[in-house]
Amino acid sequence: MGTNRTIALAVLSVVAASLLGCATPTADTGTWEPVQTYSGSYQPGWELSDFVPRGSTETWWLSGNLRRTEPFSLGYQPNGVHLFVTVEGQLSSRGHHGHLGAYRRELRVIRVISVKRL
């Protein structure tokens with residue numbers, strides 16, 4: 001009985017260590033451009049933060065100081081929230097950003113200049 005318990009504890013320790021590694025954020029190794037002003041469509045949601053800059057087809061992860069956009073997301077939104085925003089922020093280098101690294105770039109917002117519903 002003691003051997004089985006020791007084996008079970010060893011297995012649980014390995015599983016716990018593996019799961020801890022999954023939850024640990026990766027280091028920010030990318031570079032960031034100087035602060036600039038960007039405008040485009042923004043769709044916040046569960047596990048997404050889609051920003052498409054005006055004149056582009058690329059979708060970036062939008063992060064940072066987005067408090068001014070939060071009132072637009074309150075309540076039930078059956079078709080999601082679609083906004084047009086102008087922000088000041090820093091654009092990342094190309095890489096894997098956002099939820100599950102699904103975005104090629106991240107725009108880290110410092111200030112929301114304007115926001116309106118589309």
# chains A, B, ... in the order shown; residues from 1 in each chain; ligands from 1
$ residues_around --residues "segment 97-104 of chain A" --least-positions-apart "3" --cutoff "9 Å" --atoms "only C-alpha atoms" --output "number ranges by chain"
A: 47-50, 58-63, 92-94
$ write_last_selection --atoms "N, CA and C atoms" --output "mmCIF file, in the first residue's frame"
data_model
loop_
_atom_site.group_PDB
_atom_site.id
_atom_site.type_symbol
_atom_site.label_atom_id
_atom_site.label_comp_id
_atom_site.auth_asym_id
_atom_site.auth_seq_id
_atom_site.Cartn_x
_atom_site.Cartn_y
_atom_site.Cartn_z
ATOM 1 N N GLU A 47 -12.044 35.608 -25.151
ATOM 2 C CA GLU A 47 -10.822 35.066 -25.742
ATOM 3 C C GLU A 47 -10.485 35.671 -27.097
ATOM 4 N N LEU A 48 -10.980 36.877 -27.363
ATOM 5 C CA LEU A 48 -10.586 37.584 -28.575
ATOM 6 C C LEU A 48 -10.533 39.077 -28.282
ATOM 7 N N SER A 49 -9.739 39.753 -29.045
ATOM 8 C CA SER A 49 -9.600 41.202 -28.948
ATOM 9 C C SER A 49 -9.124 41.669 -30.319
ATOM 10 N N ASP A 50 -10.020 41.566 -31.307
ATOM 11 C CA ASP A 50 -9.667 41.793 -32.719
ATOM 12 C C ASP A 50 -9.638 43.269 -33.071
ATOM 13 N N GLU A 58 -5.035 42.911 -41.938
ATOM 14 C CA GLU A 58 -4.422 42.187 -40.827
ATOM 15 C C GLU A 58 -5.225 42.407 -39.551
ATOM 16 N N THR A 59 -5.302 41.402 -38.697
ATOM 17 C CA THR A 59 -5.975 41.517 -37.408
ATOM 18 C C THR A 59 -4.929 41.433 -36.305
ATOM 19 N N TRP A 60 -4.938 42.418 -35.409
ATOM 20 C CA TRP A 60 -3.996 42.466 -34.297
ATOM 21 C C TRP A 60 -4.737 42.248 -32.985
ATOM 22 N N TRP A 61 -4.007 41.783 -31.989
ATOM 23 C CA TRP A 61 -4.515 41.657 -30.622
ATOM 24 C C TRP A 61 -4.439 43.045 -29.980
ATOM 25 N N LEU A 62 -5.547 43.539 -29.447
ATOM 26 C CA LEU A 62 -5.579 44.833 -28.779
ATOM 27 C C LEU A 62 -5.561 44.601 -27.275
ATOM 28 N N SER A 63 -4.629 45.251 -26.586
ATOM 29 C CA SER A 63 -4.502 45.070 -25.142
ATOM 30 C C SER A 63 -4.198 46.411 -24.484
ATOM 31 N N SER A 92 3.672 45.904 -31.510
ATOM 32 C CA SER A 92 4.718 44.906 -31.292
ATOM 33 C C SER A 92 5.395 44.515 -32.600
ATOM 34 N N SER A 93 6.493 43.832 -32.455
ATOM 35 C CA SER A 93 7.102 43.182 -33.612
ATOM 36 C C SER A 93 6.233 41.984 -33.977
ATOM 37 N N ARG A 94 6.462 41.406 -35.151
ATOM 38 C CA ARG A 94 5.697 40.219 -35.561
ATOM 39 C C ARG A 94 6.076 39.044 -34.661
#
$ residues_around --residues "Gln77 of chain A" --least-positions-apart "5" --cutoff "10 Å" --atoms "only C-alpha atoms" --output "short mmCIF file (atom, residue, chain, number, x, y, z; two decimals) with N, CA and C atoms, in the first residue's frame"
data_model
loop_
_atom_site.label_atom_id
_atom_site.label_comp_id
_atom_site.auth_asym_id
_atom_site.auth_seq_id
_atom_site.Cartn_x
_atom_site.Cartn_y
_atom_site.Cartn_z
N GLY A 45 -14.20 40.48 -27.04
CA GLY A 45 -15.04 39.33 -26.73
C GLY A 45 -14.31 38.31 -25.90
N PHE A 72 -19.42 49.76 -23.74
CA PHE A 72 -20.06 49.28 -24.98
C PHE A 72 -20.28 47.77 -24.96
N HIS A 82 -19.14 45.56 -32.01
CA HIS A 82 -18.33 46.05 -33.13
C HIS A 82 -18.15 47.55 -32.95
#
$ atom_distance --atom1 "atom CA of Gly30 of chain A" --atom2 "atom CA of Ser114 of chain A"
27.5 Å
$ atom_distance --atom1 "atom CA of Gly40 of chain A" --atom2 "atom CA of Thr86 of chain A"
6.7 Å
$ closest_residue --among "A:Trp46, A:Trp32, A:Phe84, A:Tyr76" --to "Val112 of chain A" --atoms "only C-alpha atoms"
A:Phe84
$ closest_residue --among "A:Leu91, A:Val52, A:Leu74, A:Leu83" --to "Val109 of chain A" --atoms "only C-alpha atoms"
A:Leu91
